[in-house]
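Read through the structure below, which is laid out as structure tokens, and then see the notes.
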Amino acid sequence: MTAFAIDWINLGLRWFHLMVGIAWIGASFHFVWLDFSLRQREAMSPGVLGTSWMVHGGGFYHVEKYMVAPAQLPPDLHWFKWEAYLTFISGFLLLSVQYYWNASSFLVDPAVLPMQGWQAVALSVASLAAGWFVYDAICRSKLGENTAALAVSVFVLIVGASALFANVFSGRGAFIHAGAMIGTIMAANVFRVIIPNQKIVTADLLAGRTPDAKYGKMGKQRSLHNNYLTLPVLLFMVSNHYPFLYAHRYSWLVVAFIVVAGGMIRHFLNQTDAGAPARKVAWAIPAGAVALLAAIVATLPSRPGTGGAVSEAEALKITQTHCIACHQAQPTHEAFKGSEPPKGVMLDSVAGIKRNAPQIMAQAVQGRAMPLGNETGMTDEERAKLGAFLSQ
């Protein structure tokens with residue numbers, strides 16, 4: 001019943017995380033588009049930077065953006081913050097249930113760095129916090145005043161952290177932490193910069209003081225960062241379903257290519273939304289395509305073993321040693337005890353091995369996603385033998 005309950009908690013959190021994440025990202029896309037769609041028009045109200053006209057749901061909308069704020073604010077002012085807060089909270093809870101609960105299986109790979117589960121959890125929490133503080137320091141430094149230098153610095157931070165994760169956690173844990181760190185930065189941008197700055201401006205208005213425009217400028221910068229990071233972080237959110245992304249030594253490089261590809265797509269869309277001719281920013285599309293192609297090349301599967309013939313008995317011995325704790329009718333592995341085998345895959349017979357050959361090849365031969373955390377110490381020679389048997 002414990003495994004059954006954990007599965008439902010996992011599903012519920014994942015569903016909730018997806019819902020609030022859609023709300024947050026949708027708001028980000030809309031407001032960045034809205035900023036870029038503003039136009040100067042005749043007879044605008046004093047202090048208005050620009051206006052935008054929209055049609056949706058059978059009605060027309062007219063939006064005005066003030067450079068700082070209007071002279072008076074209505075009592076029903078809406079703050080867009082809970083979408084970000086709930087996405088982070090649900091994401092951290094999901095990380096706890098999926099990775100911290102069985103850290104020795106999902107976060108730790110003894111072949112990468114031998115450590116206890118609690119040590120992996122401590123490193124995880126510390127690294128997520130450190131990622132935000134380093135990012136925030138970069139933004140507040142002189143580099144933050146130069147858009148290109150800042151973009152390169154943040155990119156180096158993400159790739160550097162991903163390389164560090166790859167040398168600390170399991171492949172699966174390392175890849176999800178790249179997304180978790182970016183998500184933490186995005187949520188902290190809202191919690192620590194965007195909303196506090198908006199509150200400062202609002203307080204100044206209520207007190208009759210002229211707000212300082214720097215707070216709005218800083219908030220706009222962080223909001224734009226969040227917008228450019230949305231597409232990469234979405235892929236990282238679903239990465240645990242695709243072992244070919246992380247079950248190899250170049251996972252940090254795949255992170256780099258995905259960040260570039262997602263950023264280029266957002267850049268093209270943002271610039272065309274701002275009114276730039278598509279031909280002037282068309283370079284971003286092939287740049288993103290090249291980055292995506294590079295990610296595909298980096299994840300190309302290795303060729304299975306081509307040595308001598310491997311008998312059914314040898315193949316079965318390998319799966320019985322390294323696989324059936326999870327993949328049998330009644331799993332004995334702590335993470336799955338009392339539940340069905342993961343994805344219904346059973347490898348306690350030769351027929352089961354042959355029936356699930358493509359998954360075994362992808363997860364345990366061409367990649368190193370299985371066994372979980374390589375707890376059983378499956379060797380490269382055993383992987384090669386299993387690959388050779390599946391290829392016969």
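In the structure tokens, chains take letters A, B, ... by order of appearance, with residues numbered from 1 within each chain and ligands from 1 in the order shown.
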
Got a sec: who's within 10 Å of Gly208 in chain A, counting only C-alpha atoms, leaving out chain neighbours fewer than 6 positions off, as a short mmCIF file (atom, residue, chain, number, x, y, z; two decimals) with C-alpha atoms, in the first residue's frame?
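Saved file around.cif follows:
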data_model
loop_
_atom_site.label_atom_id
_atom_site.label_comp_id
_atom_site.auth_asym_id
_atom_site.auth_seq_id
_atom_site.Cartn_x
_atom_site.Cartn_y
_atom_site.Cartn_z
CA ALA A 71 -1.41 58.55 -10.66
CA GLN A 72 -3.98 56.36 -8.94
CA THR A 202 2.92 50.63 -5.36
#

Open item on the list: Can you tell me which residues surround Arg172 in chain A at a distance of at most 8 Å, considering only C-alpha atoms, apart from same-chain residues fewer than 3 positions away, and format the answer as a PyMOL selection string?
Closed with: chain A and resi 106-107+169+175-176+240+243+246-247+369

Task: For Tyr250 in chain A: contacts at 10 Å, only C-alpha atoms, fewer than 2 positions along chain excluded, given as a PyMOL selection string - done: chain A and resi 163+166+171+245-248+252-255+295+298-299

I'd like the neighbourhood of Leu390 in chain A as a compact mmCIF listing (two decimals) with N, CA and C atoms, in the first residue's frame, where a residue qualifies if any of its atoms comes within 9 Å (using only C-alpha atoms), though same-chain residues fewer than 3 positions away should be ignored.
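Okay, selection.txt is ready:
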# COMPACT_ATOMS: atom_id res chain seq x y z
N PRO A 304 25.72 -1.89 -30.15
CA PRO A 304 25.78 -2.98 -29.17
C PRO A 304 26.98 -3.87 -29.40
N ALA A 315 22.38 -14.53 -20.84
CA ALA A 315 21.54 -13.33 -20.83
C ALA A 315 20.60 -13.33 -19.63
N ILE A 353 12.76 -11.20 -21.78
CA ILE A 353 13.90 -10.44 -22.32
C ILE A 353 13.68 -10.14 -23.79
N LYS A 354 13.28 -11.15 -24.55
CA LYS A 354 13.08 -10.95 -25.99
C LYS A 354 11.91 -9.99 -26.26
N ALA A 357 13.06 -6.39 -25.68
CA ALA A 357 14.40 -6.12 -26.21
C ALA A 357 14.66 -4.64 -26.52
N PRO A 358 13.75 -3.94 -27.19
CA PRO A 358 14.04 -2.53 -27.50
C PRO A 358 14.26 -1.68 -26.25
N ILE A 360 15.25 -2.74 -23.25
CA ILE A 360 16.50 -3.14 -22.60
C ILE A 360 17.69 -2.51 -23.34
N MET A 361 17.63 -2.56 -24.66
CA MET A 361 18.71 -2.01 -25.47
C MET A 361 18.90 -0.51 -25.18
N LYS A 385 27.47 -7.85 -23.35
CA LYS A 385 26.96 -9.20 -23.59
C LYS A 385 25.44 -9.19 -23.82
N LEU A 386 24.76 -8.39 -23.00
CA LEU A 386 23.30 -8.30 -23.15
C LEU A 386 22.96 -7.70 -24.51
N GLY A 387 23.73 -6.70 -24.93
CA GLY A 387 23.52 -6.11 -26.25
C GLY A 387 23.77 -7.09 -27.37

- [ ] Go through range 120-330 of chain A and collect every residue that DSSP, computed from the backbone, puts in helix (DSSP H, G or I); the answer should be as a VMD selection string.
- [x] chain A and resid 120 to 140 142 to 145 147 to 166 171 to 206 213 to 237 239 to 241 243 to 245 251 to 273 278 to 281 284 to 298 312 to 322

Open item on the list: Nearest residue to Gly160 in chain A out of A:Leu18, A:His241, A:Leu73, A:Ser251, using only C-alpha atoms?
Closed with: A:Ser251

TODO: Select from range 14-89 of chain A everything DSSP, run on the backbone, classes as strand (DSSP E or B), then give the selection as a VMD selection string.
DONE: chain A and resid 39 48 to 56 59 to 66

Could you list, as a short mmCIF file (atom, residue, chain, number, x, y, z; two decimals) with C-alpha atoms, in the first residue's frame, every residue within 10 Å of Gly288 in chain A, counting only C-alpha atoms and ignoring same-chain residues fewer than 4 positions away?
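In the end it all went to around28.cif:
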data_model
loop_
_atom_site.label_atom_id
_atom_site.label_comp_id
_atom_site.auth_asym_id
_atom_site.auth_seq_id
_atom_site.Cartn_x
_atom_site.Cartn_y
_atom_site.Cartn_z
CA PHE A 257 22.25 22.51 -26.83
CA ILE A 258 18.68 22.46 -25.47
CA VAL A 259 19.12 25.85 -23.78
CA VAL A 260 20.42 27.33 -27.03
CA ALA A 261 17.67 25.75 -29.15
CA GLY A 262 14.87 26.88 -26.82
CA GLY A 263 16.37 30.35 -26.45
CA MET A 264 16.67 30.83 -30.20
CA ILE A 265 13.03 29.86 -30.77
CA ARG A 266 11.88 32.32 -28.09
CA HIS A 267 14.12 35.04 -29.55
CA PHE A 268 12.61 34.67 -32.99
CA TRP A 283 18.89 33.50 -38.44
CA ALA A 284 17.59 32.42 -35.03
CA LEU A 292 18.82 20.72 -31.72
CA LEU A 293 20.63 18.64 -34.35
CA ALA A 294 23.77 18.76 -32.22
#
